>>> print(open('run_7.cif').read())   # mmCIF, C-alpha atoms
data_target
#
loop_
_atom_site.label_atom_id
_atom_site.label_comp_id
_atom_site.auth_asym_id
_atom_site.auth_seq_id
_atom_site.Cartn_x
_atom_site.Cartn_y
_atom_site.Cartn_z
CA MET A 13 -40.11 -3.92 4.58
CA ARG A 14 -36.35 -3.55 5.07
CA PRO A 15 -35.78 -6.67 7.18
CA THR A 16 -37.11 -8.95 4.47
CA LYS A 17 -34.57 -7.86 1.86
CA PRO A 18 -31.64 -9.98 3.08
CA ILE A 19 -33.96 -12.97 3.35
CA LEU A 20 -35.17 -12.46 -0.19
CA LEU A 21 -31.57 -12.10 -1.36
CA LEU A 22 -30.63 -15.26 0.48
CA ALA A 23 -33.56 -17.10 -1.03
CA ALA A 24 -32.60 -15.89 -4.48
CA ALA A 25 -29.00 -16.93 -3.93
CA VAL A 26 -29.99 -20.37 -2.69
CA SER A 27 -32.27 -20.86 -5.65
CA LEU A 28 -29.32 -20.01 -7.91
CA GLY A 29 -27.16 -22.57 -6.15
CA ALA A 30 -24.97 -19.90 -4.56
CA GLY A 31 -26.15 -20.53 -1.04
CA VAL A 32 -23.01 -22.35 0.07
CA ALA A 33 -20.70 -19.51 -0.93
CA LEU A 34 -22.97 -16.90 0.61
CA ALA A 35 -23.26 -18.76 3.88
CA ALA A 36 -19.49 -19.29 3.97
CA SER A 37 -18.55 -15.75 3.09
CA GLY A 38 -21.32 -13.64 4.64
CA ASP A 39 -21.43 -11.00 1.91
CA PRO A 40 -23.17 -11.14 -1.47
CA GLU A 41 -20.21 -9.60 -3.34
CA ARG A 42 -17.75 -11.97 -1.70
CA ALA A 43 -20.09 -14.86 -2.47
CA ARG A 44 -20.13 -13.85 -6.13
CA ILE A 45 -16.33 -13.77 -6.20
CA LEU A 46 -16.14 -17.21 -4.57
CA ASP A 47 -18.72 -18.62 -6.96
CA GLY A 48 -16.63 -17.36 -9.86
CA TYR A 49 -13.54 -19.13 -8.54
CA ALA A 50 -15.58 -22.27 -7.87
CA ALA A 51 -16.71 -22.36 -11.50
CA GLN A 52 -13.10 -21.92 -12.66
CA ALA A 53 -11.85 -24.56 -10.21
CA LYS A 54 -14.37 -27.07 -11.50
CA ALA A 55 -12.99 -26.54 -14.98
CA GLN A 56 -9.31 -26.49 -13.88
CA THR A 57 -9.09 -29.11 -11.15
CA PRO A 58 -10.47 -32.61 -11.76
CA GLY A 59 -12.35 -33.85 -8.71
CA PHE A 60 -12.74 -30.35 -7.24
CA ALA A 61 -15.01 -30.75 -4.21
CA GLY A 62 -15.34 -27.28 -2.78
CA PHE A 63 -12.99 -24.90 -1.05
CA SER A 64 -11.12 -25.71 2.14
CA ALA A 65 -10.32 -23.25 4.92
CA GLU A 66 -7.58 -25.66 6.07
CA ARG A 67 -5.81 -25.56 2.70
CA GLY A 68 -6.30 -21.79 2.74
CA ARG A 69 -4.59 -21.56 6.11
CA ALA A 70 -1.60 -23.57 4.87
CA LEU A 71 -1.35 -21.33 1.81
CA TYR A 72 -1.52 -18.23 3.99
CA LEU A 73 1.10 -19.34 6.50
CA GLY A 74 3.59 -21.02 4.18
CA PRO A 75 6.53 -21.24 4.17
CA HIS A 76 6.74 -21.55 0.40
CA THR A 77 9.79 -21.64 -1.80
CA GLY A 78 10.40 -20.15 -5.22
CA GLY A 79 8.73 -16.80 -4.63
CA LYS A 80 10.04 -13.73 -6.41
CA VAL A 81 10.63 -12.01 -3.08
CA ALA A 82 12.91 -14.15 -0.91
CA ASP A 83 11.95 -12.16 2.20
CA THR A 84 8.28 -13.19 1.95
CA PRO A 85 7.97 -17.01 2.03
CA GLY A 86 4.32 -16.72 3.09
CA CYS A 87 1.40 -14.30 3.03
CA ALA A 88 1.97 -14.11 6.78
CA SER A 89 5.39 -12.51 6.17
CA CYS A 90 3.64 -9.16 5.66
CA HIS A 91 0.12 -9.85 6.92
CA THR A 92 1.43 -11.50 10.12
CA ARG A 93 0.45 -14.93 11.42
CA ASP A 94 -2.70 -13.41 12.90
CA PRO A 95 -4.81 -12.37 9.92
CA ALA A 96 -6.99 -10.21 12.17
CA GLY A 97 -4.01 -8.04 13.01
CA THR A 98 -2.61 -5.12 11.05
CA GLY A 99 0.06 -6.17 8.58
CA ARG A 100 3.32 -4.45 7.74
CA HIS A 101 5.00 -4.32 4.33
CA TYR A 102 8.24 -6.29 4.69
CA LYS A 103 10.37 -3.54 3.22
CA THR A 104 8.63 -0.19 3.42
CA GLY A 105 7.01 -0.74 6.81
CA ARG A 106 3.66 0.50 5.46
CA ASP A 107 0.64 -0.68 7.47
CA ILE A 108 -1.65 -3.17 5.74
CA LEU A 109 -5.30 -3.45 6.75
CA PRO A 110 -6.23 -6.82 8.29
CA MET A 111 -6.90 -9.74 5.96
CA ALA A 112 -9.48 -11.39 8.21
CA VAL A 113 -13.02 -10.50 7.22
CA SER A 114 -14.03 -10.22 10.88
CA ALA A 115 -11.54 -7.40 11.35
CA ASN A 116 -11.98 -5.85 7.90
CA PRO A 117 -15.43 -6.54 6.44
CA LYS A 118 -14.55 -4.97 3.08
CA ARG A 119 -11.98 -7.67 2.30
CA PHE A 120 -12.70 -9.65 -0.87
CA THR A 121 -15.69 -7.57 -1.96
CA ASP A 122 -14.11 -5.85 -4.99
CA PRO A 123 -13.35 -8.43 -7.71
CA ALA A 124 -10.83 -6.22 -9.56
CA GLU A 125 -8.95 -5.51 -6.35
CA VAL A 126 -8.93 -9.19 -5.39
CA GLU A 127 -7.56 -10.24 -8.79
CA LYS A 128 -4.94 -7.48 -8.75
CA ARG A 129 -3.55 -8.67 -5.43
CA PHE A 130 -3.54 -12.37 -6.38
CA GLU A 131 -1.92 -11.51 -9.70
CA ARG A 132 0.92 -9.79 -7.89
CA ASP A 133 1.40 -11.54 -4.63
CA CYS A 134 1.11 -15.14 -5.83
CA VAL A 135 4.19 -14.33 -7.93
CA ASN A 136 5.90 -12.58 -5.04
CA VAL A 137 5.27 -15.42 -2.59
CA LEU A 138 4.94 -18.56 -4.74
CA GLY A 139 6.73 -17.57 -7.91
CA ARG A 140 3.70 -18.47 -10.01
CA ALA A 141 0.05 -17.65 -10.53
CA CYS A 142 -2.42 -19.12 -8.04
CA THR A 143 -5.03 -21.60 -9.19
CA ALA A 144 -8.71 -20.78 -8.81
CA GLN A 145 -8.91 -23.41 -6.07
CA GLU A 146 -6.09 -21.73 -4.12
CA LYS A 147 -7.80 -18.35 -4.44
CA GLY A 148 -11.08 -19.79 -3.19
CA ASP A 149 -9.36 -21.66 -0.33
CA PHE A 150 -7.60 -18.46 0.70
CA ILE A 151 -10.79 -16.38 0.76
CA THR A 152 -12.68 -19.15 2.54
CA PHE A 153 -10.02 -19.33 5.26
CA LEU A 154 -9.99 -15.56 5.81
CA SER A 155 -13.79 -15.27 5.69
CA ASN A 156 -13.89 -17.47 8.77
CA GLN A 157 -11.18 -15.57 10.62
CA MET B 13 14.25 44.22 25.65
CA SER B 14 11.82 41.31 25.69
CA PRO B 15 8.47 42.18 24.15
CA THR B 16 6.68 39.44 26.12
CA ARG B 17 8.00 40.13 29.62
CA SER B 18 5.08 42.20 30.89
CA LEU B 19 2.34 40.42 28.96
CA ARG B 20 -0.21 37.98 30.36
CA PRO B 21 0.23 34.28 29.45
CA LEU B 22 -2.32 34.19 26.60
CA THR B 23 -0.88 37.25 24.98
CA GLY B 24 2.51 35.69 25.52
CA ILE B 25 1.46 32.62 23.54
CA ALA B 26 0.21 34.83 20.72
CA ALA B 27 3.50 36.67 20.73
CA LEU B 28 5.39 33.37 20.66
CA ALA B 29 3.29 32.24 17.73
CA MET B 30 4.19 35.43 15.90
CA LEU B 31 7.84 34.85 16.69
CA ALA B 32 7.50 31.32 15.32
CA VAL B 33 6.04 32.67 12.09
CA THR B 34 8.91 35.13 11.82
CA ALA B 35 11.41 32.34 12.54
CA GLY B 36 9.69 30.14 9.94
CA ALA B 37 10.16 32.84 7.36
CA ALA B 38 13.78 33.29 8.36
CA PHE B 39 14.45 29.56 7.92
CA ALA B 40 12.25 29.11 4.90
CA SER B 41 14.88 26.88 3.30
CA GLU B 42 14.21 24.25 6.00
CA PHE B 43 10.67 23.74 4.70
CA GLU B 44 10.60 22.05 1.34
CA ARG B 45 7.26 22.01 -0.39
CA VAL B 46 6.39 19.66 -3.22
CA ARG B 47 3.05 19.77 -4.98
CA PRO B 48 0.91 17.05 -3.32
CA VAL B 49 -0.48 14.07 -5.19
CA THR B 50 -3.85 15.06 -6.63
CA HIS B 51 -4.59 11.96 -8.73
CA ALA B 52 -6.81 9.44 -6.96
CA ALA B 53 -5.49 6.30 -8.67
CA THR B 54 -1.87 7.31 -8.02
CA GLN B 55 -2.68 7.99 -4.39
CA LYS B 56 -4.44 4.65 -4.00
CA GLU B 57 -2.24 2.28 -5.99
CA CYS B 58 1.18 3.66 -5.08
CA GLY B 59 0.05 4.41 -1.55
CA GLU B 60 -0.91 0.82 -0.79
CA CYS B 61 2.69 -0.25 -0.29
CA HIS B 62 4.54 3.00 0.36
CA MET B 63 3.87 6.68 0.64
CA ALA B 64 2.59 7.88 -2.73
CA TYR B 65 5.62 9.92 -3.76
CA GLN B 66 4.82 13.26 -5.33
CA PRO B 67 5.46 13.32 -9.09
CA GLY B 68 7.78 16.32 -8.64
CA LEU B 69 10.32 14.14 -6.81
CA LEU B 70 11.54 12.50 -10.03
CA PRO B 71 12.00 13.55 -13.65
CA ALA B 72 9.65 12.18 -16.31
CA ALA B 73 12.27 9.77 -17.66
CA SER B 74 12.55 8.12 -14.24
CA TRP B 75 8.77 7.78 -13.91
CA THR B 76 8.65 6.23 -17.37
CA ARG B 77 11.25 3.65 -16.34
CA ILE B 78 9.35 2.90 -13.16
CA MET B 79 6.05 2.43 -14.95
CA ASP B 80 7.78 0.26 -17.59
CA GLY B 81 9.09 -2.03 -14.87
CA LEU B 82 6.21 -2.62 -12.46
CA GLN B 83 6.58 -6.39 -12.79
CA ASP B 84 9.96 -6.03 -11.13
CA HIS B 85 9.43 -2.99 -8.92
CA PHE B 86 12.50 -2.90 -6.68
CA GLY B 87 12.43 -6.69 -6.54
CA GLU B 88 8.68 -7.06 -6.18
CA ASN B 89 5.88 -7.68 -8.65
CA ALA B 90 3.70 -4.56 -8.42
CA SER B 91 1.86 -4.96 -11.71
CA LEU B 92 -1.39 -3.08 -12.32
CA PRO B 93 -4.25 -3.41 -14.78
CA ALA B 94 -3.21 -1.71 -18.03
CA ASP B 95 -5.74 1.12 -17.88
CA THR B 96 -4.86 2.03 -14.30
CA ALA B 97 -1.13 1.92 -15.10
CA ALA B 98 -1.61 4.18 -18.13
CA ALA B 99 -3.51 6.80 -16.10
CA ILE B 100 -0.87 6.82 -13.37
CA ARG B 101 1.95 6.99 -15.91
CA SER B 102 0.50 10.05 -17.58
CA TYR B 103 -0.15 11.81 -14.26
CA LEU B 104 3.39 11.17 -13.03
CA THR B 105 5.17 12.14 -16.23
CA GLN B 106 3.06 15.25 -16.82
CA ASN B 107 3.75 16.54 -13.32
CA ALA B 108 7.33 15.35 -13.04
CA GLY B 109 10.20 17.34 -11.58
CA SER B 110 13.83 17.46 -12.57
CA GLY B 111 16.81 15.27 -11.82
CA ASP B 112 18.76 12.40 -13.30
CA GLY B 113 16.40 10.41 -15.51
CA ARG B 114 18.72 7.40 -15.47
CA LEU B 115 18.05 6.90 -11.77
CA ILE B 116 14.73 5.49 -10.59
CA ARG B 117 15.39 5.81 -6.87
CA ILE B 118 14.52 9.18 -5.36
CA THR B 119 17.11 8.37 -2.70
CA GLU B 120 19.88 8.29 -5.34
CA GLN B 121 19.12 11.69 -6.82
CA ARG B 122 21.87 14.19 -6.09
CA TRP B 123 19.61 16.69 -4.34
CA TRP B 124 18.35 13.94 -2.06
CA LEU B 125 21.83 12.73 -1.11
CA ARG B 126 22.94 16.27 -0.38
CA LYS B 127 20.08 16.70 2.12
CA HIS B 128 20.44 13.29 3.78
CA ASP B 129 24.09 13.04 4.67
CA PHE B 130 23.53 11.30 8.01
CA ALA B 131 25.25 8.66 10.10
CA PRO B 132 24.41 5.11 8.94
CA SER B 133 22.81 4.37 12.33
CA ILE B 134 19.92 6.68 11.41
CA TRP B 135 18.90 4.38 8.57
CA THR B 136 18.92 1.20 10.62
CA ARG B 137 16.45 2.49 13.21
CA LYS B 138 13.38 0.29 13.33
CA SER B 139 11.09 3.30 12.97
CA VAL B 140 12.82 4.25 9.73
CA ALA B 141 12.84 0.77 8.13
CA ALA B 142 14.01 2.09 4.77
CA LYS B 143 15.30 5.27 3.15
CA SER B 144 12.10 5.30 1.14
CA ASN B 145 10.08 5.85 4.33
CA CYS B 146 9.99 9.67 4.16
CA GLU B 147 7.32 9.88 6.85
CA ALA B 148 9.54 8.35 9.51
CA CYS B 149 11.19 11.75 9.87
CA HIS B 150 9.12 14.11 7.71
CA ARG B 151 5.74 13.64 9.39
CA THR B 152 3.87 15.66 6.78
CA ALA B 153 5.68 14.26 3.75
CA ALA B 154 2.48 12.74 2.35
CA GLN B 155 1.09 16.27 2.02
CA GLY B 156 4.21 17.37 0.18
CA LEU B 157 5.59 19.27 3.16
CA TYR B 158 9.09 18.10 4.05
CA GLU B 159 9.97 19.92 7.23
CA ASP B 160 13.35 19.32 8.83
CA ASP B 161 13.11 17.69 12.24
#
>>> encode(input="run_7.cif", output="structure tokens")
Amino acid sequence: MRPTKPILLLAAAVSLGAGVALAASGDPERARILDGYAAQAKAQTPGFAGFSAERGRALYLGPHTGGKVADTPGCASCHTRDPAGTGRHYKTGRDILPMAVSANPKRFTDPAEVEKRFERDCVNVLGRACTAQEKGDFITFLSNQ
Amino acid sequence: MSPTRSLRPLTGIAALAMLAVTAGAAFASEFERVRPVTHAATQKECGECHMAYQPGLLPAASWTRIMDGLQDHFGENASLPADTAAAIRSYLTQNAGSGDGRLIRITEQRWWLRKHDFAPSIWTRKSVAAKSNCEACHRTAAQGLYEDD
């Protein structure tokens, strides 16, 4: 009966209205995280009409100004312009696992970990917290990379 | 007299290994051992951005300052959820070493400076990247074994 389980899960997700996030993200945990940000974005951003991989790409690449760390004007400063590649911490040289879900399927599947990194790195790169829409755009972009 | 001269190659290797052990003992001061990190959260959270430095490398007062200042951790926001930060803080301070508690950089502690009196060109090598990158030269630093290369 194993093969039917994903289908059942998918059916359950669709019936809960989470089908879009699941289809876009390919993982039930990631879909849950995206759905959470979508609910927040609806409340925060008037006229919110879903996440955009294009906006996510722009956020990822930058360059941005006003970040706490002048050496990192974009996420790409450490994670490189190719999100499927291994990143490198701008100062310590430490390797960073790829951001692209295709290269690192565990990305964006632990909500606490995801929030921890946004909490930190939005300040480091943008100088402010990210909005729920930005978080969702970012994950949507990298889920398709 | 050479003890290995008349021995077959394999025996020779064994003899060399024994010599190496003897030499290791003779230069024991060149191998610095620090108790490795044994706390999972410290290993994970600190180790995401840099080698998870062993608690014995700084005194408790320095670790306290570091954990008080994670929002501005050497110029970077490295904040952690409160419960995780508290667990790491207590592990680091309870297993701390000695040194100058006013200094938060390991690389400014007197013992460190004494052992790293090198030409500036060493520090600008791309493979080194930063003085904080122990593993560039001490390959087994993450295990608490700082051999001299």
>>> residues_around(input="run_7.cif", residues="B:Ile116", least_positions_apart="4", cutoff="10 Å", atoms="all atoms listed in the file", output="PyMOL selection string")
chain B and resi 70-71+73-78+86+112+120-121
>>> interface_residues(input="run_7.cif", of="chain A", to="chain B", cutoff="9 Å", atoms="only C-alpha atoms", output="number ranges by chain")
A: 80-81, 101, 103-108, 124, 128-129, 131-133, 135-136
>>> closest_residue(input="run_7.cif", among="A:Phe63, A:Ser89, A:Thr77, A:Pro110", to="A:Ala51", atoms="all atoms listed in the file")
A:Phe63
>>> residues_around(input="run_7.cif", residues="stretch 152-156 of chain A", least_positions_apart="6", cutoff="10 Å", atoms="all atoms listed in the file", output="ChimeraX atom specification")
/A:33,36-39,42-43,46,63-72,95-96,110-117,119-120,146
>>> residues_around(input="run_7.cif", residues="A:Leu138", least_positions_apart="3", cutoff="6 Å", atoms="all atoms listed in the file", output="list in words")
Gly78, Gly79, Cys134 and Val135 of chain A
>>> atom_distance(input="run_7.cif", atom1="atom CA of A:Arg44", atom2="atom CA of A:Ile151")
11.9 Å
>>> closest_residue(input="run_7.cif", among="A:Ala82, A:Ala61, A:Ala50, A:Ile45", to="A:Gly139", atoms="all atoms listed in the file")
A:Ala82
>>> atom_distance(input="run_7.cif", atom1="atom CA of B:Gly156", atom2="atom CA of A:Cys90")
27.1 Å
>>> atom_distance(input="run_7.cif", atom1="atom CA of B:Ser110", atom2="atom CA of B:Arg47")
13.4 Å
>>> decode(input="run_7.cif", residues="stretch 117-134 of chain B", atoms="N, CA and C atoms", output="mmCIF file, in the first residue's frame")
data_model
loop_
_atom_site.group_PDB
_atom_site.id
_atom_site.type_symbol
_atom_site.label_atom_id
_atom_site.label_comp_id
_atom_site.auth_asym_id
_atom_site.auth_seq_id
_atom_site.Cartn_x
_atom_site.Cartn_y
_atom_site.Cartn_z
ATOM 1 N N ARG B 117 38.334 37.717 21.535
ATOM 2 C CA ARG B 117 38.981 37.009 20.425
ATOM 3 C C ARG B 117 40.036 36.053 20.953
ATOM 4 N N ILE B 118 39.912 34.789 20.545
ATOM 5 C CA ILE B 118 40.938 33.801 20.896
ATOM 6 C C ILE B 118 42.291 34.287 20.366
ATOM 7 N N THR B 119 42.241 34.889 19.180
ATOM 8 C CA THR B 119 43.476 35.296 18.502
ATOM 9 C C THR B 119 44.128 36.534 19.144
ATOM 10 N N GLU B 120 43.528 37.053 20.227
ATOM 11 C CA GLU B 120 44.180 38.156 20.944
ATOM 12 C C GLU B 120 44.684 37.715 22.306
ATOM 13 N N GLN B 121 44.394 36.468 22.648
ATOM 14 C CA GLN B 121 44.894 35.956 23.938
ATOM 15 C C GLN B 121 46.417 35.819 23.854
ATOM 16 N N ARG B 122 47.083 36.072 24.969
ATOM 17 C CA ARG B 122 48.543 36.114 24.962
ATOM 18 C C ARG B 122 49.157 34.791 24.527
ATOM 19 N N TRP B 123 48.597 33.688 24.999
ATOM 20 C CA TRP B 123 49.152 32.379 24.626
ATOM 21 C C TRP B 123 49.043 32.155 23.122
ATOM 22 N N TRP B 124 47.951 32.669 22.550
ATOM 23 C CA TRP B 124 47.752 32.480 21.111
ATOM 24 C C TRP B 124 48.790 33.285 20.326
ATOM 25 N N LEU B 125 48.965 34.541 20.718
ATOM 26 C CA LEU B 125 49.916 35.406 20.011
ATOM 27 C C LEU B 125 51.334 34.845 20.089
ATOM 28 N N ARG B 126 51.663 34.300 21.247
ATOM 29 C CA ARG B 126 53.006 33.741 21.435
ATOM 30 C C ARG B 126 53.254 32.594 20.451
ATOM 31 N N LYS B 127 52.223 31.815 20.151
ATOM 32 C CA LYS B 127 52.377 30.641 19.291
ATOM 33 C C LYS B 127 52.196 30.963 17.811
ATOM 34 N N HIS B 128 51.774 32.182 17.484
ATOM 35 C CA HIS B 128 51.457 32.493 16.092
ATOM 36 C C HIS B 128 52.188 33.736 15.618
ATOM 37 N N ASP B 129 53.454 33.797 15.929
ATOM 38 C CA ASP B 129 54.262 34.967 15.582
ATOM 39 C C ASP B 129 54.838 34.764 14.181
ATOM 40 N N PHE B 130 53.975 34.885 13.165
ATOM 41 C CA PHE B 130 54.384 34.587 11.792
ATOM 42 C C PHE B 130 54.451 35.857 10.943
ATOM 43 N N ALA B 131 55.022 35.689 9.754
ATOM 44 C CA ALA B 131 55.039 36.792 8.794
ATOM 45 C C ALA B 131 53.607 37.121 8.366
ATOM 46 N N PRO B 132 53.312 38.402 8.142
ATOM 47 C CA PRO B 132 51.946 38.795 7.757
ATOM 48 C C PRO B 132 51.442 38.065 6.511
ATOM 49 N N SER B 133 52.357 37.677 5.622
ATOM 50 C CA SER B 133 51.933 37.038 4.365
ATOM 51 C C SER B 133 51.208 35.717 4.614
ATOM 52 N N ILE B 134 51.490 35.075 5.745
ATOM 53 C CA ILE B 134 50.803 33.823 6.089
ATOM 54 C C ILE B 134 49.292 34.070 6.194
#
